[in-house]
Amino acid sequence: MLKDKIKKIVSVVALGALITFGAGAVSSMATTNSEAQIVQSYGMDYSHSNLVKEMLDAGYIDQAKADNFNNNINSESTQMEIDKTYDLFLVDLNVKEGYYSAELGELGKLVIEAEYSVDGLSEELYNRYMDQLEKEGFLSYSYPDLVKEMLDAGYIDQAKADNFNNNINSESTQMEIDKTYDLFLVNLNVKEGYCSAELGELEKQLIEADYADNDALYNEIYVRYMTQYYLDSVKELLSAGYIDQAKADNFNNNINSESTRMEIDKTYGLFVVDLNVKEGYYSAELGELEKQVIEAENSVDGLSEELYNRYMDQLEKEGFLVE
């Protein structure tokens, strides 16, 4: 059950740590705290074929490896290998960009290899990884803090909080706190309007299935979750007047098509850029460059080095990149 802890920690570490162009998206971006809520991931298309393309374009894998992946793209074992390779690629990129130390990067890769192995992650490696994360300042929360936050918000009662705190060093208790906190965050997102009630309910089901190690149930729910995600995206675009009813109907009628989802991702990415410019978070110049990046990432030719450099220069000029 250590893998769920690692996934939670890795998700924390990833925030504001990495800029990756690929898979039709800027996956994440280093920003100041005030800007983190503004600079959003756009065009998120994490299909395995796009992950392969991103790694090939970056020179992380060669053409032979990419061909092997693509020729067996529907195989579950191949998809797992792509996932693992992409995880290792992101770690190497974090080290290269200076967000991770070489030591943390090496431990991170050992964790990934262990997670994808038959034996799984050992307690010894887990502890070394956690110690290094703490040493480098990536861990910013403690379990008592999570319990207090949920209690203060009224998500758990005093009896539940006391039970957690009285067994705070138990691995099973820590796992239960992790799960409860994840569910709490979903409820908070629904309450604040960041996701629909329907999507939130499916996300909570995913969390429950994930912590129960029920892969079959997780995969079944994930299909419904992604469908709802794209339906919600179309609804938001329509409500904002960014697309008309005919366009929305076309999207919805083909919602499970990969090409349609890619088009929704691209359209939503352009919408977010226009919104950021309108609200004054981006300059018009940055907005125009970012839209060119989105179009390029969704084209056959992909993102050129020249456009990438212009975009990065403008981000730095406007203070979005943090050393």
# chains A, B, ... in the order shown; residues from 1 in each chain; ligands from 1
$ residues_around --residues "Tyr308 in chain A" --least-positions-apart "4" --cutoff "9 Å" --atoms "only C-alpha atoms" --output "list in words"
Phe21, Val293, Leu303, Ser304, Met312 and Asp313 of chain A
$ residues_around --residues "Met150 in chain A" --least-positions-apart "3" --cutoff "9 Å" --atoms "only C-alpha atoms" --output "VMD selection string"
chain A and resid 145 to 147 153 to 157 161 180 to 181 184
$ write_last_selection --atoms "N, CA and C atoms" --output "PDB file, in the first residue's frame"
ATOM      1  N   ASP A 145      -1.354  18.061  10.576  1.00  0.00           N
ATOM      2  CA  ASP A 145      -1.842  19.256   9.879  1.00  0.00           C
ATOM      3  C   ASP A 145      -3.047  18.929   9.001  1.00  0.00           C
ATOM      4  N   LEU A 146      -2.986  17.791   8.307  1.00  0.00           N
ATOM      5  CA  LEU A 146      -4.108  17.395   7.453  1.00  0.00           C
ATOM      6  C   LEU A 146      -5.355  17.128   8.288  1.00  0.00           C
ATOM      7  N   VAL A 147      -5.165  16.457   9.406  1.00  0.00           N
ATOM      8  CA  VAL A 147      -6.296  16.166  10.301  1.00  0.00           C
ATOM      9  C   VAL A 147      -6.911  17.467  10.815  1.00  0.00           C
ATOM     10  N   ALA A 153     -12.454  22.482   8.966  1.00  0.00           N
ATOM     11  CA  ALA A 153     -13.405  22.697   7.868  1.00  0.00           C
ATOM     12  C   ALA A 153     -14.731  21.998   8.110  1.00  0.00           C
ATOM     13  N   GLY A 154     -14.807  21.199   9.180  1.00  0.00           N
ATOM     14  CA  GLY A 154     -16.036  20.473   9.477  1.00  0.00           C
ATOM     15  C   GLY A 154     -16.229  19.230   8.651  1.00  0.00           C
ATOM     16  N   TYR A 155     -15.158  18.783   7.970  1.00  0.00           N
ATOM     17  CA  TYR A 155     -15.270  17.596   7.136  1.00  0.00           C
ATOM     18  C   TYR A 155     -15.245  16.324   7.981  1.00  0.00           C
ATOM     19  N   ILE A 156     -14.509  16.342   9.075  1.00  0.00           N
ATOM     20  CA  ILE A 156     -14.531  15.236  10.026  1.00  0.00           C
ATOM     21  C   ILE A 156     -14.888  15.800  11.396  1.00  0.00           C
ATOM     22  N   ASP A 157     -15.422  14.936  12.254  1.00  0.00           N
ATOM     23  CA  ASP A 157     -15.787  15.404  13.591  1.00  0.00           C
ATOM     24  C   ASP A 157     -14.634  15.158  14.566  1.00  0.00           C
ATOM     25  N   ALA A 161     -11.182  12.859  14.326  1.00  0.00           N
ATOM     26  CA  ALA A 161      -9.866  13.507  14.436  1.00  0.00           C
ATOM     27  C   ALA A 161      -9.053  12.879  15.563  1.00  0.00           C
ATOM     28  N   THR A 180      -8.970  10.146   3.084  1.00  0.00           N
ATOM     29  CA  THR A 180      -9.987  11.094   3.557  1.00  0.00           C
ATOM     30  C   THR A 180      -9.679  12.502   3.077  1.00  0.00           C
ATOM     31  N   TYR A 181      -8.398  12.858   3.083  1.00  0.00           N
ATOM     32  CA  TYR A 181      -8.020  14.196   2.629  1.00  0.00           C
ATOM     33  C   TYR A 181      -8.250  14.352   1.130  1.00  0.00           C
ATOM     34  N   PHE A 184     -11.826  14.934   0.701  1.00  0.00           N
ATOM     35  CA  PHE A 184     -12.112  16.290   1.180  1.00  0.00           C
ATOM     36  C   PHE A 184     -11.804  17.317   0.099  1.00  0.00           C
TER      37      PHE A 184
END
$ atom_distance --atom1 "CA of Ala197 in chain A" --atom2 "CA of Asp244 in chain A"
23.9 Å
$ select_by_dssp --residues "range 237-308 of chain A" --states "alpha helix (DSSP H)" --output "PDB file with N, CA, C and O atoms, in the first residue's frame"
ATOM      1  N   LEU A 237     -17.372  25.598 -22.296  1.00  0.00           N
ATOM      2  CA  LEU A 237     -17.095  26.376 -23.505  1.00  0.00           C
ATOM      3  C   LEU A 237     -18.375  26.984 -24.078  1.00  0.00           C
ATOM      4  O   LEU A 237     -18.393  28.134 -24.524  1.00  0.00           O
ATOM      5  N   LEU A 238     -19.438  26.195 -24.047  1.00  0.00           N
ATOM      6  CA  LEU A 238     -20.728  26.672 -24.568  1.00  0.00           C
ATOM      7  C   LEU A 238     -21.304  27.772 -23.673  1.00  0.00           C
ATOM      8  O   LEU A 238     -21.755  28.812 -24.168  1.00  0.00           O
ATOM      9  N   SER A 239     -21.260  27.548 -22.368  1.00  0.00           N
ATOM     10  CA  SER A 239     -21.803  28.529 -21.424  1.00  0.00           C
ATOM     11  C   SER A 239     -21.084  29.870 -21.517  1.00  0.00           C
ATOM     12  O   SER A 239     -21.673  30.929 -21.317  1.00  0.00           O
ATOM     13  N   GLN A 245     -23.894  26.305 -30.266  1.00  0.00           N
ATOM     14  CA  GLN A 245     -24.603  25.059 -29.966  1.00  0.00           C
ATOM     15  C   GLN A 245     -24.273  23.960 -30.967  1.00  0.00           C
ATOM     16  O   GLN A 245     -24.135  22.787 -30.589  1.00  0.00           O
ATOM     17  N   ALA A 246     -24.137  24.327 -32.222  1.00  0.00           N
ATOM     18  CA  ALA A 246     -23.829  23.319 -33.242  1.00  0.00           C
ATOM     19  C   ALA A 246     -22.479  22.662 -32.968  1.00  0.00           C
ATOM     20  O   ALA A 246     -22.333  21.436 -33.089  1.00  0.00           O
ATOM     21  N   LYS A 247     -21.490  23.482 -32.598  1.00  0.00           N
ATOM     22  CA  LYS A 247     -20.167  22.950 -32.287  1.00  0.00           C
ATOM     23  C   LYS A 247     -20.242  22.060 -31.051  1.00  0.00           C
ATOM     24  O   LYS A 247     -19.628  20.972 -31.013  1.00  0.00           O
ATOM     25  N   ALA A 248     -20.985  22.513 -30.044  1.00  0.00           N
ATOM     26  CA  ALA A 248     -21.133  21.724 -28.818  1.00  0.00           C
ATOM     27  C   ALA A 248     -21.805  20.387 -29.119  1.00  0.00           C
ATOM     28  O   ALA A 248     -21.385  19.333 -28.609  1.00  0.00           O
ATOM     29  N   ASP A 249     -22.849  20.406 -29.932  1.00  0.00           N
ATOM     30  CA  ASP A 249     -23.559  19.167 -30.287  1.00  0.00           C
ATOM     31  C   ASP A 249     -22.620  18.208 -31.018  1.00  0.00           C
ATOM     32  O   ASP A 249     -22.651  16.992 -30.781  1.00  0.00           O
ATOM     33  N   ASN A 250     -21.795  18.743 -31.908  1.00  0.00           N
ATOM     34  CA  ASN A 250     -20.852  17.896 -32.642  1.00  0.00           C
ATOM     35  C   ASN A 250     -19.852  17.254 -31.697  1.00  0.00           C
ATOM     36  O   ASN A 250     -19.537  16.055 -31.805  1.00  0.00           O
ATOM     37  N   PHE A 251     -19.348  18.047 -30.758  1.00  0.00           N
ATOM     38  CA  PHE A 251     -18.442  17.493 -29.755  1.00  0.00           C
ATOM     39  C   PHE A 251     -19.125  16.388 -28.949  1.00  0.00           C
ATOM     40  O   PHE A 251     -18.583  15.295 -28.778  1.00  0.00           O
ATOM     41  N   ASN A 252     -20.308  16.693 -28.430  1.00  0.00           N
ATOM     42  CA  ASN A 252     -21.004  15.744 -27.549  1.00  0.00           C
ATOM     43  C   ASN A 252     -21.406  14.459 -28.255  1.00  0.00           C
ATOM     44  O   ASN A 252     -21.393  13.378 -27.659  1.00  0.00           O
ATOM     45  N   ASN A 253     -21.755  14.576 -29.527  1.00  0.00           N
ATOM     46  CA  ASN A 253     -22.172  13.390 -30.284  1.00  0.00           C
ATOM     47  C   ASN A 253     -21.004  12.458 -30.587  1.00  0.00           C
ATOM     48  O   ASN A 253     -21.217  11.295 -30.959  1.00  0.00           O
ATOM     49  N   GLU A 258     -11.239   9.765 -29.966  1.00  0.00           N
ATOM     50  CA  GLU A 258      -9.960  10.353 -29.565  1.00  0.00           C
ATOM     51  C   GLU A 258      -9.698  11.658 -30.301  1.00  0.00           C
ATOM     52  O   GLU A 258      -9.207  12.635 -29.707  1.00  0.00           O
ATOM     53  N   SER A 259     -10.034  11.715 -31.589  1.00  0.00           N
ATOM     54  CA  SER A 259      -9.802  12.941 -32.355  1.00  0.00           C
ATOM     55  C   SER A 259     -10.687  14.075 -31.849  1.00  0.00           C
ATOM     56  O   SER A 259     -10.258  15.239 -31.798  1.00  0.00           O
ATOM     57  N   THR A 260     -11.907  13.741 -31.444  1.00  0.00           N
ATOM     58  CA  THR A 260     -12.804  14.757 -30.888  1.00  0.00           C
ATOM     59  C   THR A 260     -12.269  15.272 -29.564  1.00  0.00           C
ATOM     60  O   THR A 260     -12.278  16.485 -29.299  1.00  0.00           O
ATOM     61  N   ARG A 261     -11.783  14.387 -28.748  1.00  0.00           N
ATOM     62  CA  ARG A 261     -11.230  14.809 -27.456  1.00  0.00           C
ATOM     63  C   ARG A 261      -9.996  15.688 -27.644  1.00  0.00           C
ATOM     64  O   ARG A 261      -9.796  16.657 -26.899  1.00  0.00           O
ATOM     65  N   MET A 262      -9.198  15.369 -28.622  1.00  0.00           N
ATOM     66  CA  MET A 262      -8.036  16.208 -28.907  1.00  0.00           C
ATOM     67  C   MET A 262      -8.475  17.599 -29.345  1.00  0.00           C
ATOM     68  O   MET A 262      -7.877  18.613 -28.970  1.00  0.00           O
ATOM     69  N   GLU A 263      -9.535  17.663 -30.143  1.00  0.00           N
ATOM     70  CA  GLU A 263     -10.054  18.953 -30.590  1.00  0.00           C
ATOM     71  C   GLU A 263     -10.650  19.743 -29.427  1.00  0.00           C
ATOM     72  O   GLU A 263     -10.502  20.968 -29.350  1.00  0.00           O
ATOM     73  N   ILE A 264     -11.332  19.048 -28.517  1.00  0.00           N
ATOM     74  CA  ILE A 264     -11.868  19.713 -27.325  1.00  0.00           C
ATOM     75  C   ILE A 264     -10.723  20.260 -26.479  1.00  0.00           C
ATOM     76  O   ILE A 264     -10.775  21.396 -25.995  1.00  0.00           O
ATOM     77  N   ASP A 265      -9.679  19.443 -26.292  1.00  0.00           N
ATOM     78  CA  ASP A 265      -8.516  19.884 -25.524  1.00  0.00           C
ATOM     79  C   ASP A 265      -7.931  21.162 -26.115  1.00  0.00           C
ATOM     80  O   ASP A 265      -7.621  22.120 -25.408  1.00  0.00           O
ATOM     81  N   LYS A 266      -7.753  21.152 -27.430  1.00  0.00           N
ATOM     82  CA  LYS A 266      -7.163  22.307 -28.093  1.00  0.00           C
ATOM     83  C   LYS A 266      -8.064  23.537 -27.941  1.00  0.00           C
ATOM     84  O   LYS A 266      -7.581  24.631 -27.608  1.00  0.00           O
ATOM     85  N   THR A 267      -9.345  23.343 -28.172  1.00  0.00           N
ATOM     86  CA  THR A 267     -10.294  24.458 -28.073  1.00  0.00           C
ATOM     87  C   THR A 267     -10.335  25.013 -26.653  1.00  0.00           C
ATOM     88  O   THR A 267     -10.356  26.233 -26.452  1.00  0.00           O
ATOM     89  N   TYR A 268     -10.309  24.113 -25.677  1.00  0.00           N
ATOM     90  CA  TYR A 268     -10.344  24.561 -24.290  1.00  0.00           C
ATOM     91  C   TYR A 268      -9.052  25.303 -23.934  1.00  0.00           C
ATOM     92  O   TYR A 268      -9.078  26.300 -23.207  1.00  0.00           O
ATOM     93  N   GLY A 269      -7.928  24.827 -24.448  1.00  0.00           N
ATOM     94  CA  GLY A 269      -6.667  25.508 -24.206  1.00  0.00           C
ATOM     95  C   GLY A 269      -6.670  26.920 -24.753  1.00  0.00           C
ATOM     96  O   GLY A 269      -6.238  27.870 -24.088  1.00  0.00           O
ATOM     97  N   LEU A 270      -7.195  27.094 -25.967  1.00  0.00           N
ATOM     98  CA  LEU A 270      -7.292  28.423 -26.563  1.00  0.00           C
ATOM     99  C   LEU A 270      -8.241  29.315 -25.774  1.00  0.00           C
ATOM    100  O   LEU A 270      -7.999  30.516 -25.599  1.00  0.00           O
ATOM    101  N   PHE A 271      -9.308  28.718 -25.277  1.00  0.00           N
ATOM    102  CA  PHE A 271     -10.285  29.444 -24.456  1.00  0.00           C
ATOM    103  C   PHE A 271      -9.642  29.977 -23.180  1.00  0.00           C
ATOM    104  O   PHE A 271      -9.848  31.134 -22.792  1.00  0.00           O
ATOM    105  N   VAL A 272      -8.846  29.140 -22.525  1.00  0.00           N
ATOM    106  CA  VAL A 272      -8.188  29.553 -21.281  1.00  0.00           C
ATOM    107  C   VAL A 272      -7.218  30.702 -21.547  1.00  0.00           C
ATOM    108  O   VAL A 272      -7.137  31.657 -20.770  1.00  0.00           O
ATOM    109  N   VAL A 273      -6.495  30.625 -22.656  1.00  0.00           N
ATOM    110  CA  VAL A 273      -5.566  31.704 -22.995  1.00  0.00           C
ATOM    111  C   VAL A 273      -6.319  33.011 -23.211  1.00  0.00           C
ATOM    112  O   VAL A 273      -5.947  34.064 -22.664  1.00  0.00           O
ATOM    113  N   ASP A 274      -7.379  32.961 -23.996  1.00  0.00           N
ATOM    114  CA  ASP A 274      -8.169  34.172 -24.244  1.00  0.00           C
ATOM    115  C   ASP A 274      -8.725  34.742 -22.947  1.00  0.00           C
ATOM    116  O   ASP A 274      -8.771  35.963 -22.755  1.00  0.00           O
ATOM    117  N   LEU A 275      -9.132  33.857 -22.054  1.00  0.00           N
ATOM    118  CA  LEU A 275      -9.671  34.294 -20.767  1.00  0.00           C
ATOM    119  C   LEU A 275      -8.582  34.965 -19.929  1.00  0.00           C
ATOM    120  O   LEU A 275      -8.822  36.005 -19.296  1.00  0.00           O
ATOM    121  N   ASN A 276      -7.396  34.387 -19.929  1.00  0.00           N
ATOM    122  CA  ASN A 276      -6.287  34.979 -19.173  1.00  0.00           C
ATOM    123  C   ASN A 276      -5.905  36.357 -19.709  1.00  0.00           C
ATOM    124  O   ASN A 276      -5.574  37.262 -18.940  1.00  0.00           O
ATOM    125  N   VAL A 277      -5.950  36.507 -21.028  1.00  0.00           N
ATOM    126  CA  VAL A 277      -5.663  37.815 -21.627  1.00  0.00           C
ATOM    127  C   VAL A 277      -6.760  38.807 -21.255  1.00  0.00           C
ATOM    128  O   VAL A 277      -6.486  39.949 -20.862  1.00  0.00           O
ATOM    129  N   LYS A 278      -8.000  38.358 -21.360  1.00  0.00           N
ATOM    130  CA  LYS A 278      -9.149  39.224 -21.045  1.00  0.00           C
ATOM    131  C   LYS A 278      -9.115  39.711 -19.605  1.00  0.00           C
ATOM    132  O   LYS A 278      -9.423  40.873 -19.309  1.00  0.00           O
ATOM    133  N   ALA A 284      -1.274  40.590 -24.160  1.00  0.00           N
ATOM    134  CA  ALA A 284      -1.758  40.131 -25.463  1.00  0.00           C
ATOM    135  C   ALA A 284      -0.654  39.380 -26.212  1.00  0.00           C
ATOM    136  O   ALA A 284      -0.917  38.381 -26.904  1.00  0.00           O
ATOM    137  N   GLU A 285       0.585  39.841 -26.048  1.00  0.00           N
ATOM    138  CA  GLU A 285       1.712  39.202 -26.730  1.00  0.00           C
ATOM    139  C   GLU A 285       1.926  37.777 -26.232  1.00  0.00           C
ATOM    140  O   GLU A 285       2.122  36.848 -27.021  1.00  0.00           O
ATOM    141  N   LEU A 286       1.883  37.584 -24.914  1.00  0.00           N
ATOM    142  CA  LEU A 286       2.047  36.245 -24.362  1.00  0.00           C
ATOM    143  C   LEU A 286       0.890  35.347 -24.782  1.00  0.00           C
ATOM    144  O   LEU A 286       1.080  34.177 -25.120  1.00  0.00           O
ATOM    145  N   GLY A 287      -0.311  35.908 -24.763  1.00  0.00           N
ATOM    146  CA  GLY A 287      -1.476  35.135 -25.169  1.00  0.00           C
ATOM    147  C   GLY A 287      -1.368  34.645 -26.599  1.00  0.00           C
ATOM    148  O   GLY A 287      -1.676  33.486 -26.908  1.00  0.00           O
ATOM    149  N   GLU A 288      -0.914  35.527 -27.492  1.00  0.00           N
ATOM    150  CA  GLU A 288      -0.776  35.148 -28.896  1.00  0.00           C
ATOM    151  C   GLU A 288       0.268  34.053 -29.066  1.00  0.00           C
ATOM    152  O   GLU A 288       0.075  33.085 -29.820  1.00  0.00           O
ATOM    153  N   LEU A 289       1.387  34.175 -28.348  1.00  0.00           N
ATOM    154  CA  LEU A 289       2.420  33.152 -28.431  1.00  0.00           C
ATOM    155  C   LEU A 289       1.918  31.821 -27.879  1.00  0.00           C
ATOM    156  O   LEU A 289       2.200  30.759 -28.449  1.00  0.00           O
ATOM    157  N   GLU A 290       1.181  31.874 -26.779  1.00  0.00           N
ATOM    158  CA  GLU A 290       0.692  30.624 -26.194  1.00  0.00           C
ATOM    159  C   GLU A 290      -0.305  29.942 -27.109  1.00  0.00           C
ATOM    160  O   GLU A 290      -0.302  28.707 -27.229  1.00  0.00           O
ATOM    161  N   LYS A 291      -1.129  30.715 -27.799  1.00  0.00           N
ATOM    162  CA  LYS A 291      -2.059  30.100 -28.739  1.00  0.00           C
ATOM    163  C   LYS A 291      -1.305  29.467 -29.919  1.00  0.00           C
ATOM    164  O   LYS A 291      -1.701  28.397 -30.403  1.00  0.00           O
ATOM    165  N   GLN A 292      -0.239  30.100 -30.340  1.00  0.00           N
ATOM    166  CA  GLN A 292       0.584  29.497 -31.394  1.00  0.00           C
ATOM    167  C   GLN A 292       1.218  28.190 -30.912  1.00  0.00           C
ATOM    168  O   GLN A 292       1.331  27.221 -31.673  1.00  0.00           O
ATOM    169  N   VAL A 293       1.616  28.163 -29.641  1.00  0.00           N
ATOM    170  CA  VAL A 293       2.169  26.940 -29.061  1.00  0.00           C
ATOM    171  C   VAL A 293       1.118  25.830 -29.067  1.00  0.00           C
ATOM    172  O   VAL A 293       1.395  24.680 -29.435  1.00  0.00           O
ATOM    173  N   ILE A 294      -0.091  26.168 -28.657  1.00  0.00           N
ATOM    174  CA  ILE A 294      -1.169  25.173 -28.622  1.00  0.00           C
ATOM    175  C   ILE A 294      -1.444  24.624 -30.014  1.00  0.00           C
ATOM    176  O   ILE A 294      -1.568  23.404 -30.214  1.00  0.00           O
ATOM    177  N   GLU A 295      -1.550  25.523 -30.992  1.00  0.00           N
ATOM    178  CA  GLU A 295      -1.810  25.086 -32.363  1.00  0.00           C
ATOM    179  C   GLU A 295      -0.681  24.194 -32.864  1.00  0.00           C
ATOM    180  O   GLU A 295      -0.916  23.159 -33.506  1.00  0.00           O
ATOM    181  N   ALA A 296       0.564  24.584 -32.553  1.00  0.00           N
ATOM    182  CA  ALA A 296       1.716  23.799 -32.999  1.00  0.00           C
ATOM    183  C   ALA A 296       1.734  22.426 -32.353  1.00  0.00           C
ATOM    184  O   ALA A 296       2.023  21.415 -33.002  1.00  0.00           O
ATOM    185  N   GLU A 297       1.436  22.374 -31.059  1.00  0.00           N
ATOM    186  CA  GLU A 297       1.447  21.100 -30.342  1.00  0.00           C
ATOM    187  C   GLU A 297       0.388  20.142 -30.869  1.00  0.00           C
ATOM    188  O   GLU A 297       0.523  18.930 -30.750  1.00  0.00           O
ATOM    189  N   GLU A 305      11.568  24.606 -32.159  1.00  0.00           N
ATOM    190  CA  GLU A 305      12.494  25.145 -31.171  1.00  0.00           C
ATOM    191  C   GLU A 305      12.414  26.673 -31.126  1.00  0.00           C
ATOM    192  O   GLU A 305      12.476  27.281 -30.061  1.00  0.00           O
ATOM    193  N   GLU A 306      12.250  27.284 -32.302  1.00  0.00           N
ATOM    194  CA  GLU A 306      12.193  28.743 -32.382  1.00  0.00           C
ATOM    195  C   GLU A 306      10.975  29.292 -31.636  1.00  0.00           C
ATOM    196  O   GLU A 306      11.078  30.250 -30.859  1.00  0.00           O
ATOM    197  N   LEU A 307       9.804  28.680 -31.848  1.00  0.00           N
ATOM    198  CA  LEU A 307       8.590  29.143 -31.165  1.00  0.00           C
ATOM    199  C   LEU A 307       8.681  28.874 -29.670  1.00  0.00           C
ATOM    200  O   LEU A 307       8.286  29.709 -28.848  1.00  0.00           O
ATOM    201  N   TYR A 308       9.206  27.711 -29.325  1.00  0.00           N
ATOM    202  CA  TYR A 308       9.388  27.375 -27.913  1.00  0.00           C
ATOM    203  C   TYR A 308      10.250  28.424 -27.214  1.00  0.00           C
ATOM    204  O   TYR A 308       9.919  28.903 -26.129  1.00  0.00           O
TER     205      TYR A 308
END
$ residues_around --residues "Asp87 in chain A" --least-positions-apart "3" --cutoff "10 Å" --atoms "only C-alpha atoms" --output "NGL selection string"
:A and (81-84 or 90-93 or 108-109 or 112-113)
$ closest_residue --among "A:Asn187, A:Ser117, A:Ser170, A:Ser196" --to "Ser233 in chain A" --atoms "only C-alpha atoms"
A:Ser196
$ atom_distance --atom1 "CA of Ala114 in chain A" --atom2 "CA of Tyr126 in chain A"
9.9 Å
$ atom_distance --atom1 "CA of Met226 in chain A" --atom2 "CA of Thr78 in chain A"
21.1 Å
$ decode --residues "range 127-148 of chain A" --atoms "N, CA and C atoms" --output "mmCIF file, in the first residue's frame"
data_model
loop_
_atom_site.group_PDB
_atom_site.id
_atom_site.type_symbol
_atom_site.label_atom_id
_atom_site.label_comp_id
_atom_site.auth_asym_id
_atom_site.auth_seq_id
_atom_site.Cartn_x
_atom_site.Cartn_y
_atom_site.Cartn_z
ATOM 1 N N ASN A 127 11.503 4.904 2.615
ATOM 2 C CA ASN A 127 12.012 5.793 3.671
ATOM 3 C C ASN A 127 13.160 6.672 3.167
ATOM 4 N N ARG A 128 14.054 6.090 2.351
ATOM 5 C CA ARG A 128 15.146 6.888 1.789
ATOM 6 C C ARG A 128 14.601 7.993 0.885
ATOM 7 N N TYR A 129 13.601 7.656 0.095
ATOM 8 C CA TYR A 129 12.995 8.630 -0.812
ATOM 9 C C TYR A 129 12.314 9.756 -0.029
ATOM 10 N N MET A 130 11.565 9.376 1.006
ATOM 11 C CA MET A 130 10.879 10.367 1.817
ATOM 12 C C MET A 130 11.871 11.266 2.546
ATOM 13 N N ASP A 131 12.944 10.680 3.044
ATOM 14 C CA ASP A 131 13.967 11.469 3.741
ATOM 15 C C ASP A 131 14.588 12.499 2.798
ATOM 16 N N GLN A 132 14.849 12.080 1.551
ATOM 17 C CA GLN A 132 15.449 12.998 0.597
ATOM 18 C C GLN A 132 14.478 14.106 0.195
ATOM 19 N N LEU A 133 13.204 13.748 0.034
ATOM 20 C CA LEU A 133 12.188 14.756 -0.261
ATOM 21 C C LEU A 133 12.126 15.803 0.847
ATOM 22 N N GLU A 134 12.150 15.322 2.086
ATOM 23 C CA GLU A 134 12.098 16.246 3.220
ATOM 24 C C GLU A 134 13.358 17.106 3.270
ATOM 25 N N LYS A 135 14.512 16.488 3.013
ATOM 26 C CA LYS A 135 15.783 17.214 3.035
ATOM 27 C C LYS A 135 15.793 18.352 2.017
ATOM 28 N N GLU A 136 15.154 18.114 0.854
ATOM 29 C CA GLU A 136 15.155 19.121 -0.206
ATOM 30 C C GLU A 136 13.956 20.056 -0.135
ATOM 31 N N GLY A 137 13.169 19.912 0.928
ATOM 32 C CA GLY A 137 12.097 20.874 1.174
ATOM 33 C C GLY A 137 10.827 20.666 0.391
ATOM 34 N N PHE A 138 10.599 19.435 -0.128
ATOM 35 C CA PHE A 138 9.396 19.193 -0.916
ATOM 36 C C PHE A 138 8.175 18.841 -0.065
ATOM 37 N N LEU A 139 8.401 18.403 1.160
ATOM 38 C CA LEU A 139 7.272 18.014 2.006
ATOM 39 C C LEU A 139 6.835 19.207 2.847
ATOM 40 N N SER A 140 5.656 19.661 2.584
ATOM 41 C CA SER A 140 5.174 20.865 3.259
ATOM 42 C C SER A 140 3.956 20.602 4.137
ATOM 43 N N TYR A 141 3.638 19.351 4.359
ATOM 44 C CA TYR A 141 2.503 19.047 5.220
ATOM 45 C C TYR A 141 2.861 17.892 6.132
ATOM 46 N N SER A 142 2.135 17.783 7.230
ATOM 47 C CA SER A 142 2.269 16.642 8.127
ATOM 48 C C SER A 142 0.878 16.073 8.349
ATOM 49 N N TYR A 143 0.807 14.837 8.795
ATOM 50 C CA TYR A 143 -0.505 14.220 9.007
ATOM 51 C C TYR A 143 -1.339 14.957 10.058
ATOM 52 N N PRO A 144 -0.750 15.400 11.181
ATOM 53 C CA PRO A 144 -1.563 16.186 12.120
ATOM 54 C C PRO A 144 -2.116 17.456 11.474
ATOM 55 N N ASP A 145 -1.354 18.061 10.576
ATOM 56 C CA ASP A 145 -1.842 19.256 9.879
ATOM 57 C C ASP A 145 -3.047 18.929 9.001
ATOM 58 N N LEU A 146 -2.986 17.791 8.307
ATOM 59 C CA LEU A 146 -4.108 17.395 7.453
ATOM 60 C C LEU A 146 -5.355 17.128 8.288
ATOM 61 N N VAL A 147 -5.165 16.457 9.406
ATOM 62 C CA VAL A 147 -6.296 16.166 10.301
ATOM 63 C C VAL A 147 -6.911 17.467 10.815
ATOM 64 N N LYS A 148 -6.055 18.391 11.243
ATOM 65 C CA LYS A 148 -6.539 19.679 11.753
ATOM 66 C C LYS A 148 -7.302 20.449 10.684
#
